[in-house]
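Data first, discussion second: the structure below is written as C-alpha cells.
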Amino acid sequence: EEISGLYRLQELWLHNNLLTGTVPDDMSTLQNLNTFTIHNTTVEGSIPFAVCGIFNSLSSKKLTADCLGDPPQLRCDCCTTCYMHDQSTFSTEQSLSRGYLEDVISNRLDSGAIDDLKRIGTPQYQAFDWLHQNSEMGDPIERLQQRYALATLFFATQEIGWKNNTKWLTESTGAVGDDQEECGWFGIVCDQQMMVTDINLPSNNLQGGLPSELTLLASSLTNLALPSNSLTNRDYELDFIGDLINLVFLDISSNYFRHQGFPETWKKLISLQKVKAQYNVLTGEIGDVISYWPL
C-alpha cells in the first residue's frame with residue numbers, strides 16, 4: 001500500500017545496497033516509473049510480470065537487476081541490463097571486489113576486449129587496476145564503465161606522454177564544489193547526469209592506437225576531437241567508431257590512421273554532422289559510407 005501511493009514516482013535507484021526480500025507486486029501501480037535499478041543487492045525471486053508490463057510499454061526505459069547466472073539471483077524477462085550477482089561485494093567494506101568490477105566492465109565488451117582486460121601489462125589491465133583502486137560501493141555502474149573507458153584511452157596513448165593531463169586519473173578531493181571526478185579531467189565535457197559527451201584532446205601528444213573500449217561511452221558521446229596527434233591503427237581498429245552511434249562531430253585529422261576508404265561500420269553514424277579526417281593515410285575509393293551520414 002505504501003508503494004502503490006507513490007503514483008508520481010518516475011525513477012527509483014536502489015542498486016549497490018544491502019536490500020533483501022523480493023520485488024513487491026504493488027510496484028505495478030507505478031505507471032509513471034521509467035527507471036528502476038535493483039542490481040548488486042540481495043533481492044531474490046523475480047521481477048513480477050505486472051511490473052514488466054510497465055517497462056515493456058516504454059520506448060525509453062532503464063531496468064537493471066542481478067539477472068545473469070544459472071540460476072540468476074533475480075529473474076527478469078524485461079530488464080534492459082543484467083548483472084552477475086557477486087556475494088563478495090556485500091560487506092561492510094566500501095571497496096568493490098575485482099570480480100564484481102570485472103563483471104560490470106566486461107558486460108558490455110567483446111571477447112577480445114575482455115581478454116585484454118585480463119592480460120597483465122596491457123592498457124586495459126592498467127586501467128582496470130586503477131579503477132579497482134579508485135572505486136567504492138555506491139558508484140553508479142555507468143560511471144564505472146566510462147571511467148574505465150577514459151582510463152584505457154589514457155594508458156593506450158601515453159607512449160610519449162601527453163602535453164596536458166590535468167586531473168586525469170584523479171578522484172574528487174571531497175571539497176565543496178569538487179565532485180566532478182572524470183568530468184573535471186582535461187578535455188572532458190559531461191552532461192548534467194555526469195555522462196561524457198565530449199572528448200577534446202587536440203595537439204596533446206597522444207601516440208598509439210584508439211582503444212575500442214571507447215564504445216562504453218556510446219550512449220552519451222557526441223563529440224570526439226583528437227586532431228594533430230600521432231594516433232594510428234592496425235587493420236580493423238577504426239571499425240569500433242561505428243558503434244559510437246550518437247556522434248555528431250568527429251575529428252581525427254592530422255594523425256596516421258590507415259584505411260581503404262571509410263570502414264563499413266561507419267554507416268551506423270547517422271547523427272554525424274561534421275567529419276574531419278584530412279591528413280591521414282586513407283586510400284582507395286570513398287565508397288558509399290558517407291551517403292548514410294546526414295551531412
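Residue numbering restarts at 1 in every chain; chains get A, B, ... in the order shown in the C-alpha cells, and ligands count up from 1 in that same order.
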Using 10 Å as the limit and counting only C-alpha atoms, can you tabulate each residue of region 12-34 of chain A that touches region 60-84 of chain A, with its shortest atom-to-atom distance in Å and the two atoms involved, as a Markdown table?
```
| residue | atom | partner | partner_atom | distance |
| --- | --- | --- | --- | --- |
| A:Leu12 | CA | A:Leu63 | CA | 9.7 |
| A:Trp13 | CA | A:Thr64 | CA | 9.6 |
| A:Leu14 | CA | A:Thr64 | CA | 9.9 |
| A:His15 | CA | A:Ala65 | CA | 8.2 |
| A:Thr22 | CA | A:Leu74 | CA | 8.7 |
| A:Val23 | CA | A:Leu74 | CA | 9.3 |
| A:Leu33 | CA | A:Lys61 | CA | 8.7 |
| A:Asn34 | CA | A:Lys61 | CA | 5.0 |
```
Can you list every residue in region 75-257 of chain A that DSSP puts in helix (DSSP H, G or I), as number ranges by chain? A: 87-89, 98-106, 111-118, 123-133, 141-156, 181-184, 212-217, 239-243
Could you state the separation of CA of Ser230 (chain A) and CA of Met194 (chain A) in Å, given to one decimal place?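 Answer for the CA of Ser230 (chain A) to CA of Met194 (chain A) separation: 29.0 Å.
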What is the distance, in Å and to one decimal place, between CA of Glu264 (chain A) and CA of Ile290 (chain A)?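 So the answer is 9.7 Å.
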Would you please work out which residue, of A:Trp185, A:Phe155, A:Tyr292, A:Phe240, is nearest to Gly208 (chain A) when using only C-alpha atoms?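 Of A:Trp185, A:Phe155, A:Tyr292, A:Phe240, the one nearest Gly208 (chain A), counting only C-alpha atoms, is A:Phe155.
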As a PyMOL selection string, please: every residue in region 75-172 of chain A that DSSP puts in strand (DSSP E). chain A and resi 75+81-84
Which residue is closest to Thr232 (chain A)? Choose from A:Leu214, A:Leu269, A:Leu244, A:Leu282 and count only C-alpha atoms. A:Leu282
In Å, with one decimal, what is the gap from CA of Arg258 (chain A) to CA of Arg234 (chain A)? 7.6 Å
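Minimum atom-to-atom distances from A:Gln10, A:Tyr125, A:Thr41, A:Glu237 to Phe55 (chain A) were compared using only C-alpha atoms, and the lowest value belongs to A:Gln10.
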